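As stored in input26.txt (compact mmCIF, C-alpha atoms):
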```
# COMPACT_ATOMS: atom_id res chain seq x y z
CA MET A 249 -56.31 40.37 18.72
CA GLU A 250 -55.50 37.67 16.17
CA ILE A 251 -57.12 34.95 18.28
CA ALA A 252 -60.29 36.97 18.46
CA THR A 253 -60.19 37.68 14.77
CA TYR A 254 -59.65 34.05 13.87
CA ILE A 255 -62.42 32.86 16.11
CA ALA A 256 -64.75 35.55 14.84
CA THR A 257 -64.12 34.66 11.24
CA HIS A 258 -64.13 30.87 11.80
CA PRO A 259 -66.78 30.33 14.47
CA GLU A 260 -67.71 26.94 13.06
CA GLU A 261 -64.17 25.66 13.47
CA VAL A 262 -63.66 26.46 17.10
CA GLN A 263 -64.86 23.61 19.27
CA ALA A 264 -63.22 24.45 22.52
CA VAL A 265 -60.95 27.03 23.95
CA GLU A 266 -58.84 25.85 26.81
CA PRO A 267 -56.62 28.30 28.62
CA GLU A 268 -53.16 26.90 29.21
CA CYS A 269 -52.18 29.55 31.74
CA SER A 270 -48.70 29.55 30.35
CA GLY A 271 -48.74 33.25 29.87
CA ARG A 272 -48.17 32.61 26.18
CA GLY A 273 -51.71 32.53 24.93
CA LYS A 274 -54.36 29.90 24.48
CA ARG A 275 -54.63 26.56 22.83
CA VAL A 276 -57.51 26.45 20.43
CA ALA A 277 -58.78 23.11 19.27
CA LEU A 278 -60.18 23.34 15.81
CA GLY A 279 -63.01 21.29 14.48
CA SER A 280 -63.08 18.65 11.82
CA SER A 281 -62.63 21.22 9.11
CA CYS A 282 -59.05 21.71 10.10
CA GLY A 283 -58.19 18.63 12.02
CA TRP A 284 -55.23 20.29 13.60
CA ALA A 285 -54.61 21.57 17.07
CA LEU A 286 -53.71 25.17 16.45
CA TYR A 287 -51.51 26.95 18.91
CA LEU A 288 -52.24 30.60 18.91
CA GLY A 289 -49.59 31.41 21.41
CA ALA A 290 -47.51 34.38 22.29
CA MET A 291 -49.75 37.06 20.93
CA LEU A 292 -47.38 39.97 20.87
CA HIS A 293 -49.57 42.63 19.41
CA PRO A 294 -50.55 44.76 22.34
CA ALA A 295 -50.92 47.86 20.28
CA THR A 296 -53.81 48.30 17.95
CA VAL A 297 -53.39 51.05 15.46
CA GLY A 298 -56.29 52.91 13.98
CA GLN A 299 -59.18 50.74 15.13
CA SER A 300 -60.20 48.58 18.02
CA ASP A 301 -60.29 44.79 17.77
CA LYS A 302 -64.04 44.96 17.72
CA ASP A 303 -63.98 47.33 14.78
CA GLU A 304 -61.56 45.09 12.88
CA ARG A 305 -63.70 42.03 13.47
CA ALA A 306 -66.72 43.91 12.32
CA ALA A 307 -64.86 45.12 9.22
CA MET A 308 -63.87 41.58 8.26
CA GLN A 309 -67.36 40.25 8.83
CA GLN A 310 -68.72 43.15 6.84
CA ALA A 311 -66.31 42.33 4.00
CA GLN A 312 -67.56 38.75 3.94
CA HIS A 313 -71.16 39.93 4.07
CA GLU A 314 -70.64 42.39 1.23
CA ARG A 315 -69.13 39.69 -0.95
CA GLU A 316 -72.17 37.56 -0.38
CA GLN A 317 -74.66 40.38 -0.87
CA GLU A 318 -73.10 41.19 -4.20
CA ASN A 319 -73.90 37.73 -5.41
CA GLY A 320 -77.25 36.83 -3.99
CA GLY A 321 -76.01 35.35 -0.75
CA VAL A 322 -73.10 33.43 -2.22
CA ASN A 323 -69.54 34.62 -2.08
CA PRO A 324 -68.77 34.98 -5.79
CA GLN A 325 -65.05 34.51 -5.52
CA VAL A 326 -64.75 31.39 -3.48
CA SER A 327 -65.35 27.73 -3.81
CA THR A 328 -66.35 25.43 -1.01
CA SER A 329 -64.34 22.67 -2.62
CA GLY A 330 -61.20 23.93 -0.94
CA ALA A 331 -58.76 22.36 1.46
CA GLY A 332 -61.02 22.93 4.41
CA ALA A 333 -64.00 21.45 2.64
CA SER A 334 -62.00 18.36 1.86
CA LYS A 335 -61.41 17.93 5.56
CA GLY A 336 -65.03 18.01 6.52
CA GLY A 337 -66.57 21.25 5.33
CA GLY A 338 -66.63 24.79 6.56
CA GLY A 339 -62.88 25.25 6.25
CA LEU A 340 -60.62 27.20 3.97
CA ARG A 341 -61.94 28.37 0.65
CA TYR A 342 -60.37 28.90 -2.74
CA ASP A 343 -60.32 32.26 -4.48
CA ASN A 344 -58.97 33.55 -7.76
CA PRO A 345 -58.23 37.23 -7.17
CA GLY A 346 -56.66 37.54 -10.61
CA PRO A 347 -52.94 38.37 -10.40
CA HIS A 348 -52.06 34.97 -11.87
CA ASP A 349 -54.92 34.94 -14.36
CA ARG A 350 -54.27 36.50 -17.77
CA THR A 351 -58.00 36.77 -18.40
CA THR A 352 -58.53 39.26 -15.57
CA SER A 353 -57.75 42.94 -15.23
CA ASN A 354 -55.83 42.18 -12.05
CA PHE A 355 -53.24 40.11 -13.90
CA ALA A 356 -49.72 40.96 -12.77
CA PRO A 357 -47.06 40.37 -15.41
CA GLY A 358 -44.33 38.11 -14.11
CA LYS A 359 -46.64 35.98 -12.00
CA THR A 360 -46.76 32.26 -12.66
CA PRO A 361 -49.80 31.67 -14.90
CA LEU A 362 -52.71 30.16 -13.01
CA PRO A 363 -52.79 26.40 -13.65
CA SER A 364 -56.11 25.12 -14.90
CA ASP A 365 -56.27 22.65 -12.03
CA ALA A 366 -55.40 25.14 -9.26
CA GLN A 367 -58.85 24.94 -7.72
CA ALA A 368 -59.10 21.17 -8.05
CA VAL A 369 -55.70 20.65 -6.40
CA PHE A 370 -56.76 22.95 -3.58
CA GLY A 371 -59.45 20.41 -2.77
CA THR A 372 -56.79 18.05 -1.41
CA ALA A 373 -54.31 20.62 -0.22
CA ILE A 374 -52.92 20.58 3.31
CA GLU A 375 -52.92 23.68 5.44
CA VAL A 376 -49.76 24.51 7.39
CA PRO A 377 -50.76 23.80 10.98
CA GLY A 378 -49.77 25.41 14.22
CA ARG A 379 -49.42 29.00 13.07
CA ALA A 380 -48.41 30.96 16.13
CA CYS A 381 -50.14 34.16 15.20
CA GLY A 382 -51.70 36.27 12.53
CA THR A 383 -54.73 36.02 10.34
CA GLY A 384 -53.12 34.35 7.35
CA GLN A 385 -53.15 30.80 6.10
CA VAL A 386 -50.80 28.85 3.85
CA ALA A 387 -51.53 25.49 2.23
CA TYR A 388 -49.73 23.18 -0.19
CA GLY A 389 -51.19 20.81 -2.73
CA ILE A 390 -49.91 18.33 -5.29
CA ASN A 391 -51.29 17.95 -8.80
CA GLU A 392 -51.67 14.83 -10.91
CA LYS A 393 -48.15 15.27 -12.30
CA GLY A 394 -46.64 15.41 -8.81
CA GLN A 395 -46.03 19.18 -8.94
CA PHE A 396 -46.53 21.20 -5.77
CA TYR A 397 -48.76 24.26 -5.57
CA ARG A 398 -48.63 26.80 -2.79
CA TYR A 399 -51.76 28.68 -1.68
CA MET A 400 -51.84 31.74 0.55
CA GLY A 401 -54.46 34.05 1.88
CA GLN A 402 -56.19 35.79 4.72
CA ASN A 403 -59.43 35.28 6.61
CA GLY A 404 -59.81 31.70 5.45
CA VAL A 405 -59.82 32.51 1.74
CA LEU A 406 -56.73 31.31 -0.15
CA HIS A 407 -55.44 31.85 -3.65
CA TYR A 408 -52.88 30.08 -5.81
CA SER A 409 -49.45 31.56 -5.14
CA VAL A 410 -46.96 29.55 -7.16
CA THR A 411 -45.93 26.15 -8.46
CA ILE A 412 -43.07 25.39 -6.15
CA ALA A 413 -40.12 23.00 -6.12
CA SER A 414 -40.57 19.99 -3.85
CA ASN A 415 -37.55 20.96 -1.74
CA LYS A 416 -39.25 24.25 -0.89
CA VAL A 417 -42.24 22.51 0.69
CA PRO A 418 -41.90 21.84 4.45
CA LYS A 419 -40.88 18.21 4.67
CA ASP A 420 -43.71 16.97 6.88
CA ILE A 421 -46.31 18.37 4.50
CA ARG A 422 -44.33 17.23 1.45
CA LYS A 423 -44.34 13.67 2.77
CA GLN A 424 -48.09 13.70 3.41
CA LEU A 425 -48.78 15.03 -0.06
CA GLN A 426 -46.43 12.57 -1.73
CA ASP A 427 -48.00 9.67 0.17
CA ALA A 428 -51.44 10.79 -0.93
CA PHE A 429 -50.17 11.19 -4.49
CA LYS A 430 -48.76 7.66 -4.54
CA GLN A 431 -52.00 6.33 -3.14
CA ARG A 432 -53.98 8.06 -5.90
CA GLN A 433 -51.58 6.76 -8.53
CA SER A 434 -51.95 3.21 -7.30
CA GLN A 435 -55.74 3.29 -7.44
CA MET B 263 -45.19 47.27 -14.65
CA ARG B 264 -46.76 50.39 -13.16
CA GLN B 265 -48.52 50.00 -9.84
CA LYS B 266 -50.87 52.42 -8.13
CA VAL B 267 -49.18 52.81 -4.75
CA ALA B 268 -51.65 53.69 -2.01
CA PHE B 269 -49.17 53.83 0.84
CA SER B 270 -45.63 52.87 1.67
CA SER B 271 -43.37 52.86 4.67
CA ARG B 272 -39.94 51.84 5.83
CA ILE B 273 -39.42 50.91 9.46
CA GLY B 274 -35.97 50.75 10.99
CA ASP B 275 -32.54 51.79 9.79
CA ARG B 276 -31.82 50.39 6.35
CA TRP B 277 -28.08 50.45 7.10
CA THR B 278 -28.74 48.01 9.93
CA PHE B 279 -32.14 46.37 9.60
CA ALA B 280 -35.33 47.73 8.14
CA ILE B 281 -38.62 46.46 6.75
CA GLU B 282 -40.21 48.26 3.83
CA PHE B 283 -43.69 47.71 2.42
CA GLU B 284 -46.16 49.15 -0.05
CA GLY B 285 -49.89 48.75 -0.41
CA VAL B 286 -51.00 48.86 -4.04
CA GLY B 287 -54.20 48.97 -6.02
CA ASN B 288 -57.68 49.54 -4.72
CA PRO B 289 -58.69 49.07 -1.09
CA PRO B 290 -59.67 45.51 -0.21
CA LYS B 291 -62.74 44.49 1.74
CA ALA B 292 -60.68 43.82 4.88
CA TRP B 293 -57.52 45.65 5.98
CA ASN B 294 -55.42 42.47 6.08
CA GLU B 295 -56.17 41.70 2.43
CA TRP B 296 -54.16 44.61 1.00
CA TRP B 297 -51.94 43.52 -1.86
CA GLY B 298 -48.53 45.03 -2.18
CA SER B 299 -44.83 44.43 -1.72
CA LEU B 300 -42.63 43.65 1.23
CA TRP B 301 -38.86 43.48 1.51
CA LEU B 302 -36.03 43.84 4.01
CA TRP B 303 -32.93 45.95 4.24
CA ILE B 304 -29.90 44.30 5.84
CA ASP B 305 -26.76 46.41 6.22
CA GLY B 306 -27.84 48.52 3.26
CA HIS B 307 -28.65 45.56 0.99
CA VAL B 308 -32.12 44.63 -0.24
CA VAL B 309 -33.24 41.17 0.84
CA GLY B 310 -36.31 39.83 -0.92
CA CYS B 311 -38.13 40.46 -4.17
CA PRO B 312 -39.50 44.03 -4.18
CA SER B 313 -41.11 43.49 -7.56
CA GLU B 314 -43.41 40.77 -6.20
CA ILE B 315 -47.02 41.60 -5.43
CA GLU B 316 -48.91 39.54 -2.85
CA MET B 317 -51.10 40.07 0.20
CA VAL B 318 -48.68 41.93 2.42
CA MET B 319 -49.98 40.38 5.63
CA THR B 320 -49.06 36.89 4.46
CA GLY B 321 -45.43 37.95 4.61
CA LEU B 322 -45.76 40.02 7.76
CA ASP B 323 -47.53 37.21 9.61
CA SER B 324 -44.57 34.96 8.96
CA LEU B 325 -42.03 37.56 10.10
CA VAL B 326 -44.03 38.09 13.29
CA GLU B 327 -44.00 34.35 13.94
CA SER B 328 -40.23 34.36 13.56
CA ALA B 329 -39.92 37.27 15.93
CA GLN B 330 -41.91 35.39 18.56
CA GLN B 331 -39.58 32.42 18.61
CA THR B 332 -37.29 32.27 21.60
CA ARG B 333 -33.76 31.45 20.56
CA ALA B 334 -31.72 32.77 23.46
CA ASP B 335 -32.11 29.60 25.53
CA LEU B 336 -28.76 28.35 26.81
CA SER B 337 -29.71 24.80 25.88
CA SER B 338 -30.40 26.01 22.36
CA PRO B 339 -28.80 23.79 19.72
CA LEU B 340 -27.52 26.77 17.75
CA GLN B 341 -25.20 29.04 19.66
CA LEU B 342 -23.96 32.41 18.52
CA SER B 343 -20.58 30.96 17.62
CA VAL B 344 -21.73 28.38 15.06
CA PRO B 345 -20.35 29.07 11.55
CA ALA B 346 -22.86 30.98 9.43
CA GLY B 347 -23.11 28.51 6.57
CA GLU B 348 -23.47 25.58 8.93
CA ALA B 349 -26.29 27.27 10.83
CA LEU B 350 -28.18 28.05 7.65
CA ASP B 351 -27.68 24.56 6.23
CA LEU B 352 -28.85 22.91 9.43
CA VAL B 353 -32.04 24.92 9.76
CA MET B 354 -32.94 24.52 6.09
CA TRP B 355 -32.30 20.79 6.36
CA ALA B 356 -34.50 20.56 9.44
CA ARG B 357 -37.40 22.26 7.67
CA TYR B 358 -37.05 21.19 4.06
CA GLY B 359 -34.45 18.44 3.82
CA SER B 360 -35.16 15.08 2.28
CA ASP B 361 -32.09 13.38 3.71
CA ASP B 362 -32.46 11.81 7.15
CA ARG B 363 -28.85 12.58 7.96
CA ALA B 364 -28.12 16.06 9.21
CA PRO B 365 -25.36 18.08 7.58
CA GLY B 366 -22.29 18.58 9.74
CA ASN B 367 -22.05 17.09 13.18
CA PHE B 368 -25.53 17.86 14.45
CA VAL B 369 -27.01 15.24 16.71
CA GLY B 370 -30.42 15.90 18.17
CA ASP B 371 -34.01 16.63 17.40
CA PRO B 372 -34.36 18.49 14.07
CA SER B 373 -37.57 20.13 15.26
CA THR B 374 -35.53 22.18 17.72
CA LEU B 375 -33.87 23.87 14.77
CA THR B 376 -36.90 25.02 12.81
CA GLY B 377 -37.63 27.87 15.20
CA TYR B 378 -34.56 29.66 13.93
CA GLU B 379 -35.95 29.99 10.42
CA VAL B 380 -36.87 33.49 9.30
CA LEU B 381 -36.84 33.04 5.52
CA PRO B 382 -38.48 31.65 3.57
CA ARG B 383 -40.72 30.22 6.29
CA LEU B 384 -44.25 31.21 5.16
CA THR B 385 -43.41 34.62 3.73
CA GLY B 386 -44.48 33.58 0.23
CA PRO B 387 -43.27 35.14 -3.00
CA PHE B 388 -41.77 38.16 -1.28
CA PHE B 389 -38.83 36.00 -0.22
CA ASP B 390 -38.85 33.02 -2.56
CA GLY B 391 -35.24 32.09 -3.26
CA TRP B 392 -33.99 33.54 0.02
CA GLU B 393 -32.98 31.78 3.21
CA ALA B 394 -32.35 33.35 6.60
CA VAL B 395 -32.02 32.39 10.24
CA LEU B 396 -31.80 34.45 13.42
CA ILE B 397 -29.65 33.38 16.36
CA GLU B 398 -30.16 35.37 19.51
CA ALA B 399 -27.96 35.74 22.55
CA ALA B 400 -28.11 37.91 25.62
CA GLN B 401 -26.51 41.01 24.16
CA GLU B 402 -26.74 40.57 20.44
CA GLU B 403 -28.39 38.67 17.64
CA ARG B 404 -27.01 37.31 14.43
CA PHE B 405 -28.96 37.41 11.17
CA ILE B 406 -27.55 34.94 8.65
CA PHE B 407 -28.89 34.93 5.12
CA ARG B 408 -28.24 34.06 1.51
CA GLN B 409 -29.96 34.20 -1.84
CA GLU B 410 -30.11 30.89 -3.64
CA GLY B 411 -26.78 30.26 -5.34
CA ALA B 412 -25.04 33.17 -3.65
CA GLU B 413 -22.67 33.24 -0.71
CA VAL B 414 -23.76 33.37 2.90
CA ARG B 415 -23.80 36.78 4.55
CA GLU B 416 -24.53 37.83 8.08
CA ALA B 417 -25.28 40.84 10.22
CA LEU B 418 -24.83 41.37 13.93
CA TRP B 419 -27.30 43.60 15.78
CA PRO B 420 -28.15 44.44 19.38
CA ALA B 421 -30.47 41.81 20.88
CA GLY B 422 -34.12 42.53 20.21
CA THR B 423 -33.57 44.49 17.01
CA PHE B 424 -35.42 42.04 14.78
CA ARG B 425 -38.38 41.66 17.10
CA SER B 426 -38.70 45.39 17.63
CA VAL B 427 -38.60 46.33 13.96
CA VAL B 428 -41.02 43.56 12.97
CA GLN B 429 -43.51 44.63 15.63
CA ARG B 430 -43.28 48.26 14.58
CA ALA B 431 -43.69 47.30 10.93
CA LEU B 432 -46.79 45.30 11.75
CA ASP B 433 -48.30 48.17 13.71
CA ASP B 434 -47.41 50.64 10.99
CA PHE B 435 -48.81 48.50 8.20
CA LYS B 436 -51.97 47.94 10.14
CA GLY B 437 -52.38 51.66 10.68
CA PHE B 438 -52.05 52.43 6.98
CA ALA B 439 -54.10 49.43 5.88
CA VAL B 440 -57.01 50.15 8.16
CA ALA B 441 -57.04 53.85 7.36
CA GLU B 442 -56.73 53.40 3.60
CA ALA B 443 -59.20 50.52 3.43
CA GLY B 444 -61.71 52.67 5.21
CA SER B 445 -61.32 55.67 3.00
CA GLU B 446 -61.22 54.96 -0.70
CA SER B 447 -61.15 58.65 -1.47
CA LYS B 448 -57.63 58.81 -0.09
CA ILE B 449 -56.33 56.37 -2.65
CA GLY B 450 -54.30 58.12 -5.24
CA HIS B 451 -52.81 60.43 -2.67
CA HIS B 452 -49.72 58.39 -2.06
CA ARG B 453 -48.77 58.41 1.57
CA ALA B 454 -45.26 57.57 2.50
CA GLN B 455 -43.47 57.37 5.76
CA ARG B 456 -39.94 56.73 6.93
CA GLN B 457 -39.17 55.89 10.53
```
Can I see the file as structure tokens?
Amino acid sequence: MEIATYIATHPEEVQAVEPECSGRGKRVALGSSCGWALYLGAMLHPATVGQSDKDERAAMQQAQHEREQENGGVNPQVSTSGAGASKGGGGLRYDNPGPHDRTTSNFAPGKTPLPSDAQAVFGTAIEVPGRACGTGQVAYGINEKGQFYRYMGQNGVLHYSVTIASNKVPKDIRKQLQDAFKQRQSQ
Amino acid sequence: MRQKVAFSSRIGDRWTFAIEFEGVGNPPKAWNEWWGSLWLWIDGHVVGCPSEIEMVMTGLDSLVESAQQTRADLSSPLQLSVPAGEALDLVMWARYGSDDRAPGNFVGDPSTLTGYEVLPRLTGPFFDGWEAVLIEAAQEERFIFRQEGAEVREALWPAGTFRSVVQRALDDFKGFAVAEAGSESKIGHHRAQRQ
């Protein structure tokens, strides 16, 4: 189900689907927007509750469509300057749903206040590759002070989650971000 | 901080292992975008941050990924007998460590250790500050966990307990999320379920 959902919601990213016949799912090669080989293996969700896969896909596409219709064809809550866009366009998008933003009615007390550069940092954030399942995405970015931001979301739309300690960022991603940070600093 | 709870459920036995979640606020555009809370029960203790609000599926996705990992392999670098603190330290080092040298006497490929990680993995704010690993064997599985700064604890369950409860929680959440997202009129009539 999740493979179908991901492909349905990211048709532009899927270049080829090659069955591996391992009995553990399929390997999906993603396009330039992701730049990662994503293993969507071991789909263990045989049971669908409430709706069929087709219905769920349709519901997600409808959600996207409604967002766009509400704003004259443009999704009002997202920016195309996100992590995916920085990798070639058509990828993940940034959203500010409000829980971290004191200026919105959705603000949740106790949440880390939204940094003013959250969207800008997202532009160079790195998505966690190789998720085995699900419809969610997680990405990490680094700001101009060397602080790490975590972004999370569903259906390709991510929001700022927290400013996180460096030792809480997976080390392969931390190294990539720190290398990029040093490169920017030296320019 | 009052939240409008649309639905809630606890799956499993909280005196062994259970997952509890809530969906809060207004229905989202897609079922997997419900915001809410997610936490675990281990031997009667709460594990996680029940006061955190986030998209519930971001946490559930990560738990499902953990449940899919195969850890019962005989060639597995972490056997059931490894001391709890050592197991936790090794896995956290493999995923997050900045030191090239492994703690303890581990010699091998660090990437073989990361599959044991359950928390924090990619669970997000629901489990920030928590660490947990799952070591499976033929008959039983060992859940080792700690909150930052606190002592290591562990629980021993029949093999397959974690996977089973996670799968049921996912199915249950999906059932509520799809139903509630599709029927805004139901919001306000708090639905709760215990299994």
(message) Rounded to one decimal, what separation in Å do you get between atom CA of A:Gln402 and atom CA of B:Gln429?
(response) 18.9 Å
(message) Near chain A, meaning an atom within 9 Å, which residues of chain B appear when counting all atoms listed in the file? Write them as number ranges by chain.
(response) B: 263, 290-295, 314-317, 319-324, 326-327, 330-331, 356-360, 382-384, 386-387, 390, 429, 432-438, 440-441
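Note that the spacing between atom CA of B:Ala431 and atom CA of B:Thr385 amounts to 14.6 Å.
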(request) With a distance cut-off of 7 Å and only C-alpha atoms, select the neighbouring residues of B:Ala399, excluding the residue or stretch itself and same-chain residues fewer than 3 positions from it, and output the selection as JSON, numbers by chain. (result) {"B": [334, 342, 402, 403, 421]}
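Within 10 Å of A:Ala413, once all atoms listed in the file are used and residues closer than 6 positions along the same chain are dropped, the contacting residues are A:Gln395, A:Phe396, A:Tyr397, A:Arg398.
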(request) Calculate how many Å separate atom CA of B:Ala412 from atom CA of B:Val369, rounding to one decimal. (result) 27.2 Å
(request) Write out as a list in words each polymer residue whose atoms come within 10 Å of B:Gly310, counting all atoms listed in the file; drop sequence neighbours fewer than 6 positions from it. (result) Ser299, Leu300, Trp301, Leu302, Trp303, Leu381, Pro382, Thr385, Pro387, Phe388, Phe389, Asp390, Gly391, Trp392, Glu393 and Gln409 of chain B
(request) Point out the residue among B:Ala268, B:Ala280, B:Ile273, B:Val414 with the least atom-to-atom distance to B:Ala346, counting only C-alpha atoms. (result) B:Val414
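Proximity to B:Pro365 at 9 Å, evaluated using all atoms listed in the file and with sequence-adjacent residues fewer than 6 positions away removed, yields Glu348, Asp351, Leu352 and Trp355 of chain B.
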For stretch 278-286 of chain B, take all atoms listed in the file, fit an axis-aligned box around them, add 6 Å to each of the six sides, then output centre and edge lengths in Å rounded to one decimal, as AutoDock Vina command-line options.
```
--center_x -39.9 --center_y 47.8 --center_z 2.9 --size_x 34.3 --size_y 14.8 --size_z 26.0
```
(message) Residues within 9 Å of A:Phe355, please, as a ChimeraX atom specification. Count all atoms listed in the file; anything in the same chain fewer than 6 positions from it doesn't count.
(response) /A:345-349
May I have the selected residues written with C-alpha atoms, as a JSON list (two decimals), in the frame of the given file?
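Output file part39.json is given in full below:
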```json
[["chain", "number", "residue", "atom", "x", "y", "z"],
["A", 345, "PRO", "CA", -58.23, 37.23, -7.17],
["A", 346, "GLY", "CA", -56.66, 37.54, -10.61],
["A", 347, "PRO", "CA", -52.94, 38.37, -10.40],
["A", 348, "HIS", "CA", -52.06, 34.97, -11.87],
["A", 349, "ASP", "CA", -54.92, 34.94, -14.36]]
```
(request) Select, from B:Leu325, B:Trp277, B:Gly306, B:Val353, the residue with the minimum atom-to-atom distance to B:Arg430, counting only C-alpha atoms. (result) B:Leu325
